[in-house]
Amino acid sequence: MGNPSFNAEQFKRRLKVLLEGWKDDSLSCDAISVLVGNSEDILYSKSTALQTWLFGYELTDTLMVFGPTFFTVVASKKKLAFLQPLEKVDIVEVKLLLRSKEDNSGTFGDIFSQVKTSRGGKTLGVMAKDKFGGDFVPEWQKALKGADLETVDMSTPVAYLMAPKDAAEVQILKKSAQLSSDVFSKFYRTEVLKIVDRSKRVKHSALANSIDQALHERKDVLNSADPSEVEVCYSPIIQSGGDYNLKFSLVSNDKALKYDTIVSLMGARYKSYCSNVVRTMMVQPSEEQQDNYKVLIEAEEVLQKELVQGARLCDVYNNTVKFLTSKNKTLAEHVTKTMGFATGIEFKEASLTISPKHTAVVKAGMVFNLAIGFTDLTANDDSYALFLGDTVLVRADEPAELLTPSRKLVKNVAIFLEVDKEETNGDSKEDLQQHLADNTTILENRTRQEREMTAEEKRKSRQRELGDQLNETARRRLLEKDGPSSNSKSSKSAAVAYRHASLLPRDADVQDLRIFVDTKHEAIVVPVCGQSAVFHISMLKNCSKTEHGDYSYLRLNFFCPGNTVGRAEGAAFPDASATFVKELVFKASNARNPTTQTVPSTNLSTAFRLIKEAQKRYKTREAERKEMEGVIAQAALVVSQGRVVPRLKDLYVRPSLGAGHHRSQGILNAHVNGFRYQPYKGDTVDILYNNIKHAIFQPSKGEMIVLLHFHLKNAILIQKKKYNDIQFYAEVGEVVTDLGRRQNMHDRDDLEAEQAERDMRHRVEMAFKSFMDKVQQFSNLEFDTTFRDLGFHGVPQRSSVFLQPTTYCLVHLVESPVTVITLSELELVHFERVSFQMKNFDAVLVMKDYKRKVFMINSIPMTSLDSIKEWLTTSDIKYTEGIQSLNWAKIMKTINEDPEGFFQNGGWSFLDPDDSDENGGDDSDEEGDDYQPSGSDDDVSEEESSDEDYSDEPSESEEEDELDSDESSGKDWSELEEEAIADDKEVDFEGQEEIPAARKRKSGSTGGGSSAKKRRH
């Protein structure tokens, strides 16, 4: 909120709208209270909407209570300073009260007195559905319960009063609607055309994320809008492949986009006001699908015309259904249960929904998100849905005005991969031909060499595009994450021994200023300068006790900023700039005190023993806590009843569940919400579908096992250990061959054994595939498959293994430890030690989360470099290469310390110096193109210009040149040869020093050559 300003006139104008609600009895309560607490996790609420509508901003931990004659605000000092112009409003009595951090009972009492003098003084309106956090909310709710006031929900009446938009709101909504329209027409539609045309495999979620990114970064989409004021109303929703749910409360799944009917929902929010666009794109639609879509367009037009001032929402819905029934009775049976809702600061106003149950009357100035569709339609035995939506503004004496002018005719949303000559839709044919012309590379006029370079050029071009996007995307992502939350996490983890000084122990050692170890609070109380100082056991690095002569020494070394780099047990420092104690040494005599008959060093010995015990307990507990990090308590598995569940028998599991880590077989069953593995001996293992991040199937090609691997979102406990990767496999051949086994004439022929092994492989793989198909039918789980043809050898962890890409990962699953790298989490890949003299190179995988350690794959053969580059390019992952190995720990530390400075200095471009070389090469090529052979017009003009500057009187340099030529012309050939030999002897550089030596060897080689010939003979 940079330099916010309060608009008093706007507040006064909108407050009058609320006050009119009491005059016409729209508001049945005596006063209304609106409290906005901690709203970080709440995107939309009536309280924040009303507050934004009145004040122009959202103010957390702020209470406003108002009635027909008063308006009271309780807030912090800073917020009251912002609301100071409220005191000039004269239509009601305004009070600005300061909120106390401890007790506000007196303030609440004054407010309740105001409410009881307003109208009847018995009812207080609240926003019943709003649930906020924070300390201020329960304090108000507790006071409200004892105030002898009846609370009534005023969400619906207030929403109805706020629904008609004034001129300022309409202008903002039009801009918001334009953003929604542009992100579809200028970005999303073109993106889908490219994906379909190039047959790319893209996840729904990835496509939805690209819409969000385009809405923030594409200048043609933003136009003149302020990017800081733009956000999405909801995460864009992309659906395809026969699985459709026409609701706005969903999230795009991770399934791949199917080239059939693509339903797309997206909405922009500009200056807190929402808009929405819904479109359905169809790939190769049939005639029936096109006809149904045309009916849907007509139905939306009827819906738009029915939205006029004075119409009831239920009548709008029923009249649209009547139209559909007259056009196509079958389609009318499949129409959505609702056809839109009012929108504004809140995306969806549920009380103003276009449905047969809502009887609210439409008013001029209301803005609606129309959303009408057909569900559960079939074409060629495949189910599909059609959905269409726009944002419209209700006018007084005419049909609603369309605010999202994005094209939606069949020719604009249909994609025809092959155009028939008899096609009647000429416009769609022209669109297709134009699209193919823009995306087709013409090779007829290229030479053979150019044609061979085409793939490399395309790859480099795509990598340049990815490089341009990388820095800006990474910079924005890092800056969004950078904030108070990062500091609060470290300060929260700092251990505290005593919350208050009064909790210090009253032990005699503390009173007598001796060392005291509080095992209950895990604290050490030591005397420092005549005072007791407390250190938590976590701050102690190490301690030692030594004896020297008649004295004992106890040395305590503490953690402090600068000496815990690279150590996992280092404590967290809330304020690293504070003064820290690094070391304390205590000295005590070993001689017995004659007065007390005690040895002073006994206190040091006792403290040393207790400190060691406390340290051991603390480290053990911390180790257990770290071991449990990321482990969640899974929901209960819902076991299928009354039907045969998909199952796989005789499977081994990793990690092993047998006693002593011996292998054991079992059965894997697929139930309603997860898998259950039941070994023949041992405990069961349950894995829920919603906890599986990647489900990967690896066939037996090139291996002796077929496996299903589950990479989990959150670790689960198996035999008191946490695991993120669970694997089930079946053997299809002899994993271990006994070379000492004797063969005899009755053994099966090797050919028969190989055939039997091939049959077994096929049978097991088909069982796995049948199991996966059945699971996918009743769950949202998608199984990924490894691509062995794209695999390569490398050393990701301990030994050289064969790594294989999948659609979403790079994996090695056969040997332990397994490797699973999610491609969507990769920022870029850097190749090190790339040189023609090297047989191997290394790959460094940098994650989008820069806090994570980079992942390295060493010793990759150079022969795999081109195939890896091609795979990364098709996966839209930026790669760079270099000759040297870099210090990645230092690089990532530098980035995390100053991300803004890193990207201001070029970001990741320092890894890609070839870009500048390529640009330099382009410049040289351009200079070569401008080159003109001798005798050209340019040379003639240069000679003419030089003739003009010529003078009849020769210059000194010319006279010297003439003398040199005269002198040199007087030398004969022998003199010139002697000078040349002398010059050769004086040459210093290496390349010309070899010439005289070579001449000497050549001149003296006659004798040597003859002797050499004699030796060879």
# chains A, B, ... in the order shown; residues from 1 in each chain; ligands from 1
$ select_by_dssp --residues "segment 9-152 of chain A" --states "helix (DSSP H, G or I)" --output "PyMOL selection string"
chain A and resi 9-23+46-55+77-82+84-88+105-116+136-145
$ residues_around --residues "Thr60 of chain A" --least-positions-apart "4" --cutoff "9 Å" --atoms "only C-alpha atoms" --output "ChimeraX atom specification"
/A:35-39,48,75
$ residues_around --residues "Ala256 of chain A" --least-positions-apart "3" --cutoff "8 Å" --atoms "only C-alpha atoms" --output "PDB file with N, CA, C and O atoms, in the first residue's frame"
ATOM      1  N   ARG A 201       2.876 -32.288 -25.359  1.00  0.00           N
ATOM      2  CA  ARG A 201       2.215 -32.860 -24.183  1.00  0.00           C
ATOM      3  C   ARG A 201       2.329 -31.856 -23.040  1.00  0.00           C
ATOM      4  O   ARG A 201       3.422 -31.617 -22.522  1.00  0.00           O
ATOM      5  N   VAL A 202       1.212 -31.265 -22.668  1.00  0.00           N
ATOM      6  CA  VAL A 202       1.189 -30.215 -21.653  1.00  0.00           C
ATOM      7  C   VAL A 202       0.136 -30.560 -20.608  1.00  0.00           C
ATOM      8  O   VAL A 202      -0.978 -30.972 -20.944  1.00  0.00           O
ATOM      9  N   LYS A 203       0.489 -30.386 -19.346  1.00  0.00           N
ATOM     10  CA  LYS A 203      -0.464 -30.649 -18.267  1.00  0.00           C
ATOM     11  C   LYS A 203      -1.464 -29.506 -18.140  1.00  0.00           C
ATOM     12  O   LYS A 203      -1.151 -28.354 -18.448  1.00  0.00           O
ATOM     13  N   HIS A 204      -2.652 -29.846 -17.665  1.00  0.00           N
ATOM     14  CA  HIS A 204      -3.660 -28.807 -17.423  1.00  0.00           C
ATOM     15  C   HIS A 204      -3.128 -27.749 -16.463  1.00  0.00           C
ATOM     16  O   HIS A 204      -3.315 -26.545 -16.680  1.00  0.00           O
TER      17      HIS A 204
END
$ residues_around --residues "Ala360 of chain A" --least-positions-apart "3" --cutoff "9 Å" --atoms "only C-alpha atoms" --output "compact mmCIF listing (two decimals) with N, CA, C and O atoms, in the first residue's frame"
# COMPACT_ATOMS: atom_id res chain seq x y z
N TYR A 160 -26.94 -7.04 -1.52
CA TYR A 160 -27.91 -6.50 -2.47
C TYR A 160 -27.77 -4.99 -2.61
O TYR A 160 -27.94 -4.43 -3.69
N ALA A 311 -36.32 -7.47 -13.71
CA ALA A 311 -36.54 -8.91 -13.91
C ALA A 311 -36.09 -9.69 -12.68
O ALA A 311 -35.13 -9.33 -12.01
N ARG A 312 -36.81 -10.77 -12.39
CA ARG A 312 -36.41 -11.65 -11.30
C ARG A 312 -35.42 -12.68 -11.82
O ARG A 312 -35.53 -13.15 -12.96
N LEU A 313 -34.46 -13.05 -10.99
CA LEU A 313 -33.42 -13.98 -11.43
C LEU A 313 -33.99 -15.33 -11.81
O LEU A 313 -33.52 -15.97 -12.76
N CYS A 314 -35.00 -15.80 -11.10
CA CYS A 314 -35.61 -17.09 -11.44
C CYS A 314 -36.30 -17.02 -12.80
O CYS A 314 -36.27 -17.99 -13.57
N SER A 351 -26.03 -15.03 -3.11
CA SER A 351 -27.43 -14.64 -2.96
C SER A 351 -28.02 -14.05 -4.23
O SER A 351 -29.23 -13.87 -4.32
N LEU A 352 -27.18 -13.77 -5.22
CA LEU A 352 -27.65 -13.22 -6.51
C LEU A 352 -27.24 -14.16 -7.63
O LEU A 352 -26.56 -13.79 -8.58
N THR A 353 -27.67 -15.40 -7.52
CA THR A 353 -27.36 -16.43 -8.51
C THR A 353 -28.53 -16.60 -9.47
O THR A 353 -29.70 -16.62 -9.04
$ atom_distance --atom1 "atom CA of Phe187 of chain A" --atom2 "atom CA of Asn253 of chain A"
20.6 Å
$ closest_residue --among "A:Val496, A:Val308, A:Phe323, A:Lys587" --to "Glu398 of chain A" --atoms "only C-alpha atoms"
A:Val308
$ residues_around --residues "Asn318 of chain A" --least-positions-apart "4" --cutoff "12 Å" --atoms "only C-alpha atoms" --output "ChimeraX atom specification"
/A:299,302-303,306,311-314,322-325,332,335,337-339,354-359
$ write_last_selection --atoms "N, CA, C and O atoms" --output "short mmCIF file (atom, residue, chain, number, x, y, z; two decimals), in the first residue's frame"
data_model
loop_
_atom_site.label_atom_id
_atom_site.label_comp_id
_atom_site.auth_asym_id
_atom_site.auth_seq_id
_atom_site.Cartn_x
_atom_site.Cartn_y
_atom_site.Cartn_z
N ALA A 299 -28.35 -19.36 -26.66
CA ALA A 299 -28.90 -19.36 -25.30
C ALA A 299 -28.25 -18.28 -24.45
O ALA A 299 -28.93 -17.61 -23.65
N VAL A 302 -29.83 -15.00 -25.36
CA VAL A 302 -31.15 -14.86 -24.73
C VAL A 302 -30.99 -14.51 -23.25
O VAL A 302 -31.71 -13.65 -22.71
N LEU A 303 -30.06 -15.17 -22.59
CA LEU A 303 -29.80 -14.90 -21.18
C LEU A 303 -29.39 -13.45 -20.96
O LEU A 303 -29.83 -12.79 -20.03
N GLU A 306 -32.43 -11.16 -21.31
CA GLU A 306 -33.38 -11.28 -20.20
C GLU A 306 -32.92 -10.50 -18.96
O GLU A 306 -33.74 -10.18 -18.10
N ALA A 311 -36.32 -7.47 -13.71
CA ALA A 311 -36.54 -8.91 -13.91
C ALA A 311 -36.09 -9.69 -12.68
O ALA A 311 -35.13 -9.33 -12.01
N ARG A 312 -36.81 -10.77 -12.39
CA ARG A 312 -36.41 -11.65 -11.30
C ARG A 312 -35.42 -12.68 -11.82
O ARG A 312 -35.53 -13.15 -12.96
N LEU A 313 -34.46 -13.05 -10.99
CA LEU A 313 -33.42 -13.98 -11.43
C LEU A 313 -33.99 -15.33 -11.81
O LEU A 313 -33.52 -15.97 -12.76
N CYS A 314 -35.00 -15.80 -11.10
CA CYS A 314 -35.61 -17.09 -11.44
C CYS A 314 -36.30 -17.02 -12.80
O CYS A 314 -36.27 -17.99 -13.57
N LYS A 322 -36.79 -22.19 -21.39
CA LYS A 322 -37.87 -22.31 -22.38
C LYS A 322 -37.35 -22.17 -23.79
O LYS A 322 -37.76 -22.89 -24.70
N PHE A 323 -36.42 -21.24 -23.97
CA PHE A 323 -35.84 -21.08 -25.31
C PHE A 323 -35.09 -22.34 -25.72
O PHE A 323 -35.21 -22.81 -26.88
N LEU A 324 -34.32 -22.90 -24.80
CA LEU A 324 -33.58 -24.12 -25.13
C LEU A 324 -34.52 -25.28 -25.45
O LEU A 324 -34.27 -26.07 -26.36
N THR A 325 -35.60 -25.36 -24.71
CA THR A 325 -36.56 -26.43 -24.97
C THR A 325 -37.17 -26.30 -26.36
O THR A 325 -37.39 -27.31 -27.05
N ALA A 332 -31.80 -29.02 -23.46
CA ALA A 332 -32.38 -28.37 -22.29
C ALA A 332 -32.29 -29.25 -21.05
O ALA A 332 -32.20 -28.74 -19.92
N VAL A 335 -28.67 -28.77 -19.45
CA VAL A 335 -28.19 -27.44 -19.14
C VAL A 335 -27.77 -27.36 -17.67
O VAL A 335 -28.26 -28.12 -16.82
N LYS A 337 -27.33 -26.18 -13.77
CA LYS A 337 -28.33 -25.84 -12.77
C LYS A 337 -28.37 -24.34 -12.47
O LYS A 337 -29.39 -23.83 -12.02
N THR A 338 -27.27 -23.66 -12.71
CA THR A 338 -27.23 -22.20 -12.57
C THR A 338 -26.64 -21.61 -13.85
O THR A 338 -25.93 -22.30 -14.59
N MET A 339 -26.94 -20.33 -14.09
CA MET A 339 -26.47 -19.69 -15.33
C MET A 339 -25.69 -18.41 -15.05
O MET A 339 -25.58 -17.55 -15.92
N ILE A 354 -28.24 -16.73 -10.74
CA ILE A 354 -29.29 -16.95 -11.75
C ILE A 354 -29.67 -18.43 -11.71
O ILE A 354 -29.02 -19.28 -12.32
N SER A 355 -30.71 -18.73 -10.99
CA SER A 355 -31.17 -20.11 -10.82
C SER A 355 -32.68 -20.09 -10.57
O SER A 355 -33.25 -19.03 -10.28
N PRO A 356 -33.36 -21.22 -10.65
CA PRO A 356 -34.82 -21.23 -10.43
C PRO A 356 -35.22 -20.97 -8.99
O PRO A 356 -36.40 -20.76 -8.72
N LYS A 357 -34.28 -20.91 -8.04
CA LYS A 357 -34.61 -20.74 -6.63
C LYS A 357 -34.48 -19.30 -6.16
O LYS A 357 -35.00 -18.97 -5.09
N HIS A 358 -33.78 -18.45 -6.88
CA HIS A 358 -33.51 -17.09 -6.40
C HIS A 358 -34.51 -16.11 -7.04
O HIS A 358 -34.66 -16.07 -8.26
N THR A 359 -35.16 -15.34 -6.16
CA THR A 359 -36.21 -14.42 -6.63
C THR A 359 -35.80 -12.95 -6.55
O THR A 359 -36.65 -12.07 -6.67
#
$ atom_distance --atom1 "atom CA of Tyr553 of chain A" --atom2 "atom CA of Ser601 of chain A"
8.4 Å
$ select_by_dssp --residues "segment 652-881 of chain A" --states "strand (DSSP E or B)" --output "VMD selection string"
chain A and resid 652 to 654 665 to 670 674 to 679 685 to 688 692 to 698 705 to 718 721 to 731 783 to 785 792 to 795 801 to 805 809 to 812 819 to 822 826 to 832 840 to 847 855 to 861 878 to 881
$ write_last_selection --atoms "C-alpha atoms" --output "mmCIF file, in the first residue's frame"
data_model
loop_
_atom_site.group_PDB
_atom_site.id
_atom_site.type_symbol
_atom_site.label_atom_id
_atom_site.label_comp_id
_atom_site.auth_asym_id
_atom_site.auth_seq_id
_atom_site.Cartn_x
_atom_site.Cartn_y
_atom_site.Cartn_z
ATOM 1 C CA TYR A 652 8.087 -57.356 -3.724
ATOM 2 C CA VAL A 653 8.257 -53.978 -1.984
ATOM 3 C CA ARG A 654 11.019 -51.456 -1.385
ATOM 4 C CA GLN A 665 6.129 -60.929 -1.294
ATOM 5 C CA GLY A 666 2.589 -59.621 -0.978
ATOM 6 C CA ILE A 667 -0.542 -58.341 -2.728
ATOM 7 C CA LEU A 668 -1.205 -54.754 -3.837
ATOM 8 C CA ASN A 669 -4.928 -53.826 -3.769
ATOM 9 C CA ALA A 670 -6.490 -50.602 -5.091
ATOM 10 C CA GLY A 674 -5.716 -45.468 -1.932
ATOM 11 C CA PHE A 675 -3.557 -48.568 -2.236
ATOM 12 C CA ARG A 676 -3.006 -51.214 0.412
ATOM 13 C CA TYR A 677 -0.052 -53.577 0.252
ATOM 14 C CA GLN A 678 -0.585 -56.721 2.287
ATOM 15 C CA PRO A 679 2.582 -58.843 2.608
ATOM 16 C CA VAL A 685 1.288 -50.384 4.018
ATOM 17 C CA ASP A 686 -1.390 -47.865 2.977
ATOM 18 C CA ILE A 687 -0.752 -45.167 0.354
ATOM 19 C CA LEU A 688 -3.530 -42.674 -0.391
ATOM 20 C CA ILE A 692 1.042 -39.546 -4.513
ATOM 21 C CA LYS A 693 3.022 -36.913 -6.367
ATOM 22 C CA HIS A 694 4.201 -39.183 -9.195
ATOM 23 C CA ALA A 695 3.096 -42.700 -10.079
ATOM 24 C CA ILE A 696 5.666 -44.179 -12.471
ATOM 25 C CA PHE A 697 5.520 -47.451 -14.381
ATOM 26 C CA GLN A 698 8.777 -48.897 -15.710
ATOM 27 C CA ILE A 705 12.029 -56.452 -13.113
ATOM 28 C CA VAL A 706 8.741 -54.658 -13.830
ATOM 29 C CA LEU A 707 7.923 -52.007 -11.270
ATOM 30 C CA LEU A 708 5.435 -49.425 -10.047
ATOM 31 C CA HIS A 709 7.042 -46.529 -8.193
ATOM 32 C CA PHE A 710 5.167 -44.020 -6.036
ATOM 33 C CA HIS A 711 6.931 -40.741 -5.245
ATOM 34 C CA LEU A 712 4.969 -39.182 -2.374
ATOM 35 C CA LYS A 713 4.099 -35.579 -1.589
ATOM 36 C CA ASN A 714 4.575 -36.187 2.135
ATOM 37 C CA ALA A 715 6.645 -38.927 3.711
ATOM 38 C CA ILE A 716 5.004 -41.835 5.501
ATOM 39 C CA LEU A 717 6.323 -43.993 8.331
ATOM 40 C CA ILE A 718 7.243 -47.592 7.659
ATOM 41 C CA LYS A 721 11.358 -44.705 9.426
ATOM 42 C CA LYS A 722 10.055 -42.127 6.986
ATOM 43 C CA TYR A 723 10.046 -42.765 3.253
ATOM 44 C CA ASN A 724 9.140 -40.579 0.300
ATOM 45 C CA ASP A 725 9.489 -43.341 -2.276
ATOM 46 C CA ILE A 726 7.665 -46.675 -2.229
ATOM 47 C CA GLN A 727 8.189 -49.235 -4.955
ATOM 48 C CA PHE A 728 6.435 -52.465 -5.893
ATOM 49 C CA TYR A 729 8.060 -54.809 -8.394
ATOM 50 C CA ALA A 730 7.922 -58.280 -9.863
ATOM 51 C CA GLU A 731 10.859 -60.262 -11.220
ATOM 52 C CA PHE A 783 0.540 -43.160 -14.287
ATOM 53 C CA ASP A 784 3.698 -41.974 -15.982
ATOM 54 C CA THR A 785 5.985 -44.223 -18.049
ATOM 55 C CA PHE A 792 21.572 -41.870 -20.513
ATOM 56 C CA HIS A 793 24.194 -43.064 -18.059
ATOM 57 C CA GLY A 794 25.383 -40.919 -15.172
ATOM 58 C CA VAL A 795 26.311 -40.846 -11.501
ATOM 59 C CA VAL A 801 23.265 -45.829 -13.296
ATOM 60 C CA PHE A 802 20.938 -45.498 -16.260
ATOM 61 C CA LEU A 803 18.665 -42.448 -15.930
ATOM 62 C CA GLN A 804 15.415 -42.313 -17.895
ATOM 63 C CA PRO A 805 13.084 -39.361 -18.517
ATOM 64 C CA CYS A 809 10.316 -36.539 -14.158
ATOM 65 C CA LEU A 810 13.861 -37.753 -14.594
ATOM 66 C CA VAL A 811 14.233 -41.036 -12.718
ATOM 67 C CA HIS A 812 16.373 -44.012 -11.861
ATOM 68 C CA THR A 819 16.431 -40.822 -8.048
ATOM 69 C CA VAL A 820 13.241 -38.901 -8.827
ATOM 70 C CA ILE A 821 13.578 -35.305 -10.062
ATOM 71 C CA THR A 822 10.397 -33.384 -10.899
ATOM 72 C CA LEU A 826 13.749 -27.340 -12.296
ATOM 73 C CA GLU A 827 14.942 -23.804 -12.992
ATOM 74 C CA LEU A 828 17.707 -24.672 -15.430
ATOM 75 C CA VAL A 829 20.349 -27.296 -16.228
ATOM 76 C CA HIS A 830 24.012 -26.359 -16.555
ATOM 77 C CA PHE A 831 26.514 -28.688 -18.259
ATOM 78 C CA GLU A 832 30.058 -28.559 -16.860
ATOM 79 C CA ASN A 840 32.406 -37.244 -19.921
ATOM 80 C CA PHE A 841 30.666 -34.132 -18.642
ATOM 81 C CA ASP A 842 28.590 -33.208 -15.572
ATOM 82 C CA ALA A 843 25.049 -31.837 -15.330
ATOM 83 C CA VAL A 844 24.019 -29.454 -12.548
ATOM 84 C CA LEU A 845 20.267 -29.258 -11.938
ATOM 85 C CA VAL A 846 19.241 -25.957 -10.310
ATOM 86 C CA MET A 847 15.867 -26.040 -8.574
ATOM 87 C CA PHE A 855 21.460 -31.764 -7.801
ATOM 88 C CA MET A 856 24.489 -33.035 -9.718
ATOM 89 C CA ILE A 857 24.746 -35.879 -12.196
ATOM 90 C CA ASN A 858 28.399 -36.694 -12.867
ATOM 91 C CA SER A 859 30.247 -38.621 -15.574
ATOM 92 C CA ILE A 860 27.670 -38.448 -18.363
ATOM 93 C CA PRO A 861 29.119 -39.655 -21.694
ATOM 94 C CA LYS A 878 16.638 -23.863 -20.175
ATOM 95 C CA TYR A 879 20.171 -25.303 -20.370
ATOM 96 C CA THR A 880 23.623 -23.736 -20.479
ATOM 97 C CA GLU A 881 27.102 -25.185 -20.812
#
$ atom_distance --atom1 "atom CA of Ala396 of chain A" --atom2 "atom CA of Gly344 of chain A"
18.4 Å
$ residues_around --residues "segment 762-778 of chain A" --least-positions-apart "4" --cutoff "7 Å" --atoms "only C-alpha atoms" --output "list in words"
Pro646, Arg647, Ala670, Pro699, Val706, Arg758 and Glu782 of chain A
$ residues_around --residues "Val94 of chain A" --least-positions-apart "6" --cutoff "6 Å" --atoms "only C-alpha atoms" --output "number ranges by chain"
A: 70-72, 87
$ write_last_selection --atoms "all heavy atoms" --output "PDB file, in the first residue's frame"
ATOM      1  N   PHE A  70     -24.804   6.893  13.395  1.00  0.00           N
ATOM      2  CA  PHE A  70     -23.419   6.899  13.893  1.00  0.00           C
ATOM      3  C   PHE A  70     -22.563   5.945  13.065  1.00  0.00           C
ATOM      4  O   PHE A  70     -23.068   5.031  12.406  1.00  0.00           O
ATOM      5  CB  PHE A  70     -23.366   6.504  15.372  1.00  0.00           C
ATOM      6  CG  PHE A  70     -23.659   5.047  15.630  1.00  0.00           C
ATOM      7  CD1 PHE A  70     -22.631   4.120  15.769  1.00  0.00           C
ATOM      8  CD2 PHE A  70     -24.965   4.597  15.730  1.00  0.00           C
ATOM      9  CE1 PHE A  70     -22.891   2.790  15.995  1.00  0.00           C
ATOM     10  CE2 PHE A  70     -25.242   3.264  15.966  1.00  0.00           C
ATOM     11  CZ  PHE A  70     -24.208   2.360  16.092  1.00  0.00           C
ATOM     12  N   PHE A  71     -21.258   6.187  13.139  1.00  0.00           N
ATOM     13  CA  PHE A  71     -20.273   5.334  12.461  1.00  0.00           C
ATOM     14  C   PHE A  71     -19.012   5.326  13.331  1.00  0.00           C
ATOM     15  O   PHE A  71     -18.342   6.348  13.475  1.00  0.00           O
ATOM     16  CB  PHE A  71     -19.952   5.858  11.066  1.00  0.00           C
ATOM     17  CG  PHE A  71     -19.182   4.873  10.212  1.00  0.00           C
ATOM     18  CD1 PHE A  71     -19.837   4.062   9.307  1.00  0.00           C
ATOM     19  CD2 PHE A  71     -17.800   4.761  10.324  1.00  0.00           C
ATOM     20  CE1 PHE A  71     -19.144   3.161   8.519  1.00  0.00           C
ATOM     21  CE2 PHE A  71     -17.102   3.860   9.540  1.00  0.00           C
ATOM     22  CZ  PHE A  71     -17.766   3.054   8.634  1.00  0.00           C
ATOM     23  N   THR A  72     -18.682   4.187  13.915  1.00  0.00           N
ATOM     24  CA  THR A  72     -17.571   4.069  14.855  1.00  0.00           C
ATOM     25  C   THR A  72     -16.553   3.077  14.315  1.00  0.00           C
ATOM     26  O   THR A  72     -16.922   1.990  13.831  1.00  0.00           O
ATOM     27  CB  THR A  72     -18.065   3.605  16.231  1.00  0.00           C
ATOM     28  OG1 THR A  72     -19.038   4.539  16.707  1.00  0.00           O
ATOM     29  CG2 THR A  72     -16.919   3.519  17.221  1.00  0.00           C
ATOM     30  N   GLU A  87     -13.645  12.091  10.023  1.00  0.00           N
ATOM     31  CA  GLU A  87     -14.231  13.001  10.998  1.00  0.00           C
ATOM     32  C   GLU A  87     -14.917  14.197  10.342  1.00  0.00           C
ATOM     33  O   GLU A  87     -15.726  14.875  10.970  1.00  0.00           O
ATOM     34  CB  GLU A  87     -13.134  13.481  11.954  1.00  0.00           C
ATOM     35  CG  GLU A  87     -12.552  12.357  12.808  1.00  0.00           C
ATOM     36  CD  GLU A  87     -11.463  12.833  13.747  1.00  0.00           C
ATOM     37  OE1 GLU A  87     -10.953  13.963  13.502  1.00  0.00           O
ATOM     38  OE2 GLU A  87     -11.127  12.117  14.691  1.00  0.00           O
TER      39      GLU A  87
END
$ closest_residue --among "A:Thr863, A:Ser118, A:Leu417, A:Ser383" --to "Asp197 of chain A" --atoms "only C-alpha atoms"
A:Leu417
